[in-house]
>>> print(open('input_36.txt').read())   # compact mmCIF, C-alpha atoms
# COMPACT_ATOMS: atom_id res chain seq x y z
CA MET P 1 -10.94 70.75 -28.41
CA ALA P 2 -9.30 67.84 -30.16
CA GLY P 3 -6.88 65.92 -27.95
CA GLU P 4 -8.14 67.61 -24.76
CA PHE P 5 -8.49 65.29 -21.75
CA VAL P 6 -11.91 65.57 -20.15
CA GLN P 7 -12.38 64.12 -16.67
CA ARG P 8 -15.85 62.68 -16.11
CA GLU P 9 -17.25 61.69 -12.76
CA ILE P 10 -18.56 58.12 -12.70
CA GLN P 11 -21.28 57.66 -10.13
CA PRO P 12 -20.86 54.62 -7.83
CA GLN P 13 -23.16 51.72 -8.58
CA LYS P 14 -25.11 50.23 -5.67
CA ASN P 15 -25.67 46.79 -7.17
CA CYS P 16 -24.09 44.25 -4.86
CA SER P 17 -25.20 41.18 -6.81
CA ASP P 18 -22.75 38.38 -7.56
CA LEU P 19 -22.51 38.98 -11.30
CA PRO P 20 -20.97 36.49 -13.75
CA THR P 21 -17.67 37.26 -15.40
CA TRP P 22 -17.46 38.15 -19.06
CA GLY P 23 -14.89 39.22 -21.64
CA GLN P 24 -12.08 37.54 -23.55
CA GLY P 25 -10.13 34.55 -22.29
CA SER P 26 -6.51 35.41 -21.58
CA PRO P 27 -3.93 32.70 -22.44
CA ARG P 28 -1.32 34.28 -20.12
CA TYR P 29 -0.09 32.52 -17.00
CA ASP P 30 -0.21 35.50 -14.61
CA TYR P 31 -0.61 35.59 -10.84
CA ILE P 32 -4.14 36.19 -9.58
CA PHE P 33 -4.45 39.78 -8.40
CA LYS P 34 -5.16 40.36 -4.72
CA GLY P 35 -6.25 43.75 -3.37
CA ASN P 36 -4.59 45.34 -0.34
CA LYS P 37 -7.61 46.92 1.33
CA ASP P 38 -8.34 45.27 4.66
CA GLU P 39 -11.82 44.93 6.16
CA ALA P 40 -11.28 47.59 8.82
CA THR P 41 -10.53 50.32 6.26
CA TYR P 42 -12.98 49.18 3.60
CA PRO P 43 -15.60 51.90 2.86
CA GLU P 44 -18.86 51.17 4.63
CA GLU P 45 -20.92 52.55 1.75
CA ALA P 46 -19.28 50.23 -0.77
CA CYS P 47 -20.57 46.80 -1.72
CA PRO P 48 -18.91 43.96 0.20
CA PRO P 49 -16.28 42.36 -2.02
CA TRP P 50 -16.84 38.92 -3.51
CA TYR P 51 -14.22 36.20 -3.33
CA HIS P 52 -14.05 33.00 -5.40
CA ALA P 53 -15.61 30.21 -3.34
CA THR P 54 -15.62 28.29 -6.63
CA ALA P 55 -13.81 29.04 -9.87
CA GLN P 56 -13.51 27.87 -13.44
CA ILE P 57 -10.37 28.09 -15.54
CA ASP P 58 -9.31 26.58 -18.86
CA SER P 59 -5.70 25.86 -17.91
CA LEU P 60 -3.87 26.05 -14.60
CA GLN P 61 -0.11 26.17 -14.09
CA VAL P 62 1.17 25.37 -10.60
CA ASN P 63 4.83 26.25 -9.98
CA THR P 64 5.27 24.70 -6.54
CA SER P 65 2.48 22.63 -5.02
CA VAL P 66 -1.26 22.06 -4.68
CA ILE P 67 -2.25 21.75 -1.02
CA GLY P 68 -5.62 20.88 0.49
CA ASN P 69 -7.80 18.40 2.34
CA GLY P 70 -10.62 18.02 -0.16
CA LEU P 71 -11.33 15.81 -3.15
CA ILE P 72 -9.94 16.05 -6.67
CA ASN P 73 -12.44 14.81 -9.24
CA ILE P 74 -10.96 14.35 -12.71
CA THR P 75 -12.77 12.96 -15.74
CA GLY P 76 -9.73 13.24 -18.00
CA THR P 77 -6.15 12.01 -17.71
CA ILE P 78 -3.58 12.90 -15.04
CA THR P 79 -0.04 12.92 -16.40
CA SER P 80 3.20 13.49 -14.52
CA ALA P 81 6.84 13.86 -15.49
CA SER P 82 7.86 12.04 -12.32
CA GLU P 83 5.36 10.95 -9.65
CA VAL P 84 1.88 11.68 -8.37
CA THR P 85 1.31 11.40 -4.60
CA ALA P 86 -2.15 11.15 -3.03
CA ALA P 87 -2.97 10.41 0.64
CA GLY P 88 0.64 9.39 1.17
CA VAL P 89 0.60 6.97 -1.77
CA THR P 90 2.91 7.69 -4.69
CA LEU P 91 1.77 6.56 -8.12
CA THR P 92 4.75 5.54 -10.25
CA SER P 93 5.24 3.26 -13.22
CA ARG P 94 4.58 0.37 -10.79
CA LYS P 95 1.32 -0.13 -8.90
CA PRO P 96 2.28 -0.77 -5.27
CA PHE P 97 0.27 -0.66 -2.09
CA ASP P 98 1.50 -0.58 1.50
CA ILE P 99 -0.66 -1.53 4.51
CA PRO P 100 -0.23 -2.43 8.19
CA HIS P 101 0.79 -6.08 8.53
CA PRO P 102 -2.31 -8.16 9.27
CA THR P 103 -0.59 -10.62 11.66
CA LYS P 104 2.72 -9.12 12.85
CA LYS P 105 2.52 -6.11 15.15
CA GLY P 106 4.97 -3.35 14.29
CA TYR P 107 5.40 -4.55 10.69
CA ARG P 108 3.98 -3.45 7.37
CA LEU P 109 3.15 -5.34 4.19
CA ARG P 110 3.95 -4.14 0.68
CA HIS P 111 2.75 -5.75 -2.56
CA VAL P 112 2.85 -4.70 -6.20
CA CYS P 113 -0.08 -5.29 -8.57
CA LEU P 114 0.32 -7.94 -11.22
CA GLU P 115 0.97 -6.64 -14.74
CA GLY P 116 0.35 -8.20 -18.11
CA PRO P 117 -0.09 -7.51 -21.84
CA GLU P 118 -3.89 -7.43 -21.74
CA SER P 119 -6.87 -6.05 -19.86
CA GLY P 120 -7.45 -9.28 -18.03
CA VAL P 121 -10.02 -10.42 -15.45
CA TYR P 122 -10.17 -13.61 -13.43
CA TYR P 123 -12.61 -15.83 -11.57
CA ARG P 124 -11.50 -18.49 -9.11
CA GLY P 125 -12.95 -20.97 -6.65
CA ARG P 126 -13.34 -24.63 -5.75
CA LEU P 127 -15.25 -27.26 -7.69
CA THR P 128 -16.39 -30.18 -5.55
CA GLY P 129 -18.82 -33.00 -6.41
CA LYS P 130 -19.87 -31.50 -9.72
CA ASN P 131 -18.36 -30.98 -13.14
CA VAL P 132 -19.46 -27.49 -14.28
CA ILE P 133 -17.92 -24.13 -13.41
CA GLU P 134 -20.62 -21.48 -13.72
CA LEU P 135 -18.99 -18.18 -14.69
CA PRO P 136 -20.51 -14.90 -13.41
CA GLU P 137 -23.46 -13.62 -15.42
CA TYR P 138 -21.78 -10.25 -16.01
CA TRP P 139 -18.93 -11.96 -17.84
CA ARG P 140 -21.28 -12.34 -20.81
CA GLY P 141 -20.93 -8.62 -21.62
CA LEU P 142 -17.50 -8.04 -20.07
CA ILE P 143 -15.10 -10.54 -21.63
CA ASP P 144 -14.20 -12.01 -25.01
CA PRO P 145 -15.20 -15.70 -24.67
CA GLU P 146 -12.53 -16.70 -27.19
CA THR P 147 -9.83 -15.64 -24.71
CA ILE P 148 -10.93 -17.85 -21.79
CA THR P 149 -8.23 -20.03 -20.25
CA VAL P 150 -8.67 -22.43 -17.33
CA THR P 151 -6.24 -23.75 -14.73
CA LEU P 152 -7.32 -26.74 -12.61
CA THR P 153 -5.53 -27.93 -9.46
CA GLN P 154 -6.62 -31.32 -8.16
CA ILE P 155 -7.05 -31.74 -4.39
CA LYS P 156 -5.75 -34.75 -2.39
CA THR P 157 -5.99 -37.36 -5.17
CA SER P 158 -4.91 -37.64 -8.79
CA GLN P 159 -7.99 -37.03 -10.92
CA ASP P 160 -6.58 -36.52 -14.43
CA LEU P 161 -8.64 -33.35 -14.82
CA ILE P 162 -9.62 -32.21 -18.30
CA VAL P 163 -11.50 -29.16 -19.59
CA ASP P 164 -14.22 -30.93 -21.53
CA GLY P 165 -15.66 -27.82 -23.12
CA ILE P 166 -16.63 -24.15 -22.71
CA GLU P 167 -20.29 -23.48 -23.46
CA TRP P 168 -21.47 -20.00 -24.55
CA GLY P 169 -18.61 -18.39 -22.65
CA THR P 170 -20.54 -18.92 -19.41
CA ARG P 171 -20.09 -22.59 -18.44
CA ILE P 172 -16.90 -24.64 -18.24
CA LYS P 173 -17.35 -28.42 -18.27
CA VAL P 174 -14.70 -30.45 -16.43
CA LYS P 175 -14.22 -34.21 -16.44
CA SER P 176 -11.93 -36.70 -14.73
CA GLY P 177 -9.91 -38.83 -17.12
CA ASN P 178 -9.73 -41.70 -14.63
CA GLY P 179 -13.39 -41.53 -13.59
CA THR P 180 -12.85 -40.33 -10.02
CA GLY P 181 -14.94 -37.69 -8.29
CA ILE P 182 -13.96 -34.10 -8.97
CA ASP P 183 -12.48 -31.95 -6.21
CA CYS P 184 -10.26 -29.13 -7.47
CA PHE P 185 -9.40 -25.48 -7.35
CA TYR P 186 -9.98 -23.51 -10.55
CA LEU P 187 -8.65 -20.24 -11.92
CA VAL P 188 -10.25 -18.78 -15.04
CA HIS P 189 -8.74 -15.86 -16.96
CA ALA P 190 -10.18 -13.87 -19.85
CA GLU P 191 -9.58 -10.61 -21.67
CA ARG P 192 -12.06 -7.77 -21.43
CA ALA P 193 -14.05 -7.04 -24.56
CA ASP P 194 -15.33 -3.55 -23.67
CA GLY P 195 -12.64 -1.51 -25.38
CA GLU P 196 -9.73 -1.74 -27.76
CA LYS P 197 -7.04 -4.37 -27.34
CA LEU P 198 -3.87 -3.23 -25.64
CA ILE P 199 -1.00 -2.37 -28.01
CA VAL P 200 1.89 -3.67 -25.93
CA GLU P 201 4.88 -2.40 -27.94
CA TYR P 202 4.90 0.66 -30.16
CA GLU P 203 7.41 3.05 -31.67
CA GLY P 204 7.72 6.40 -29.93
CA GLN P 205 9.58 8.67 -27.51
CA SER P 206 6.71 9.21 -25.03
CA SER P 207 3.26 7.89 -24.19
CA ASP P 208 1.81 10.58 -26.48
CA ASP P 209 3.01 8.43 -29.41
CA TYR P 210 0.72 5.53 -28.41
CA PRO P 211 -1.20 4.56 -31.56
CA GLY P 212 -4.38 3.70 -29.67
CA ASP P 213 -6.78 5.50 -27.35
CA ASN P 214 -4.72 7.15 -24.60
CA SER P 215 -7.76 8.50 -22.74
CA ILE P 216 -8.53 5.18 -21.05
CA TYR P 217 -5.13 4.81 -19.34
CA SER P 218 -3.49 6.29 -16.25
CA ILE P 219 -0.07 7.25 -17.60
CA ASN P 220 3.20 7.97 -15.83
CA LYS P 221 5.56 9.69 -18.28
>>> encode(input="input_36.txt", output="structure tokens")
Amino acid sequence: MAGEFVQREIQPQKNCSDLPTWGQGSPRYDYIFKGNKDEATYPEEACPPWYHATAQIDSLQVNTSVIGNGLINITGTITSASEVTAAGVTLTSRKPFDIPHPTKKGYRLRHVCLEGPESGVYYRGRLTGKNVIELPEYWRGLIDPETITVTLTQIKTSQDLIVDGIEWGTRIKVKSGNGTGIDCFYLVHAERADGEKLIVEYEGQSSDDYPGDNSIYSINK
């Protein structure tokens, strides 16, 4: 009869395999359902329930906190409206670190990382008894040789130090203007070449308005 409700008995399935999920992806932010059947009252003839030892989800909304002792591995970007704290370290718009003081018991030492308008790298050392600074081999593919700058600090005596030339972006020739032996500290800076140049100032209301590639930066909003 049309419209008549017919009750059909569905036989229990005895397939206890861990089957993959299927169906349509729901865009709703709902709480994950948890059953209220404890182990003591669970039917012996039924398949043992599966729980999610691992899980995959397209988007996760956390209202309060994420708590755990494991690792968080992210290949994308972590953004925050305020701060991100990991292992007791809070990541803010500055880049600080705080460690036990290396020489004073009962004290701590706090520094903040140097900031600048470029993706810069440096190489430093002491040049004694010779006139060529050999830059690391890996600099050849890492930096833009046109951006190399050199700072020389003479040791003990006035040497009238001069950068005589930069060869192939790998060797820096130094000479003494007054003909004395060379003994100096050197500090070499250069800008990285593996990526786009930093756009220091741009028009916008948030970091989302950055006109370059945002995926390569750790951003505090």
>>> closest_residue(input="input_36.txt", among="P:Ser215, P:Thr54, P:Ser26, P:Ser119", to="Thr75 of chain P", atoms="all atoms listed in the file")
P:Ser215
>>> residues_around(input="input_36.txt", residues="Val150 of chain P", least_positions_apart="6", cutoff="9 Å", atoms="only C-alpha atoms", output="ChimeraX atom specification")
/P:163,172,186-189
>>> write_last_selection(input="input_36.txt", atoms="C-alpha atoms", output="compact mmCIF listing (two decimals), in the frame of the given file")
# COMPACT_ATOMS: atom_id res chain seq x y z
CA VAL P 163 -11.50 -29.16 -19.59
CA ILE P 172 -16.90 -24.64 -18.24
CA TYR P 186 -9.98 -23.51 -10.55
CA LEU P 187 -8.65 -20.24 -11.92
CA VAL P 188 -10.25 -18.78 -15.04
CA HIS P 189 -8.74 -15.86 -16.96
>>> atom_distance(input="input_36.txt", atom1="atom CA of Tyr217 of chain P", atom2="atom CA of Pro100 of chain P")
28.9 Å
>>> residues_around(input="input_36.txt", residues="segment 120-137 of chain P", least_positions_apart="6", cutoff="10 Å", atoms="all atoms listed in the file", output="ChimeraX atom specification")
/P:143,147-155,163-167,169-176,181-193
>>> atom_distance(input="input_36.txt", atom1="atom CA of Gly195 of chain P", atom2="atom CA of Lys95 of chain P")
21.6 Å
>>> atom_distance(input="input_36.txt", atom1="atom CA of Trp168 of chain P", atom2="atom CA of Pro117 of chain P")
24.9 Å
>>> residues_around(input="input_36.txt", residues="segment 56-68 of chain P", least_positions_apart="6", cutoff="10 Å", atoms="all atoms listed in the file", output="JSON list (two decimals) with C-alpha atoms, in the frame of the given file")
[["chain", "number", "residue", "atom", "x", "y", "z"],
["P", 25, "GLY", "CA", -10.13, 34.55, -22.29],
["P", 26, "SER", "CA", -6.51, 35.41, -21.58],
["P", 27, "PRO", "CA", -3.93, 32.70, -22.44],
["P", 28, "ARG", "CA", -1.32, 34.28, -20.12],
["P", 29, "TYR", "CA", -0.09, 32.52, -17.00],
["P", 30, "ASP", "CA", -0.21, 35.50, -14.61],
["P", 31, "TYR", "CA", -0.61, 35.59, -10.84]]
>>> residues_around(input="input_36.txt", residues="Pro49 of chain P", least_positions_apart="2", cutoff="10 Å", atoms="all atoms listed in the file", output="list in words")
Cys16, Asp18, Glu39, Tyr42, Ala46, Cys47 and Tyr51 of chain P
>>> write_last_selection(input="input_36.txt", atoms="C-alpha atoms", output="short mmCIF file (atom, residue, chain, number, x, y, z; two decimals), in the frame of the given file")
data_model
loop_
_atom_site.label_atom_id
_atom_site.label_comp_id
_atom_site.auth_asym_id
_atom_site.auth_seq_id
_atom_site.Cartn_x
_atom_site.Cartn_y
_atom_site.Cartn_z
CA CYS P 16 -24.09 44.25 -4.86
CA ASP P 18 -22.75 38.38 -7.56
CA GLU P 39 -11.82 44.93 6.16
CA TYR P 42 -12.98 49.18 3.60
CA ALA P 46 -19.28 50.23 -0.77
CA CYS P 47 -20.57 46.80 -1.72
CA TYR P 51 -14.22 36.20 -3.33
#
>>> residues_around(input="input_36.txt", residues="Pro20 of chain P", least_positions_apart="4", cutoff="12 Å", atoms="all atoms listed in the file", output="PyMOL selection string")
chain P and resi 50+52+55-56
>>> write_last_selection(input="input_36.txt", atoms="C-alpha atoms", output="PDB file, keeping the file's coordinate frame")
ATOM      1  CA  TRP P  50     -16.840  38.920  -3.510  1.00  0.00           C
ATOM      2  CA  HIS P  52     -14.050  33.000  -5.400  1.00  0.00           C
ATOM      3  CA  ALA P  55     -13.810  29.040  -9.870  1.00  0.00           C
ATOM      4  CA  GLN P  56     -13.510  27.870 -13.440  1.00  0.00           C
TER       5      GLN P  56
END
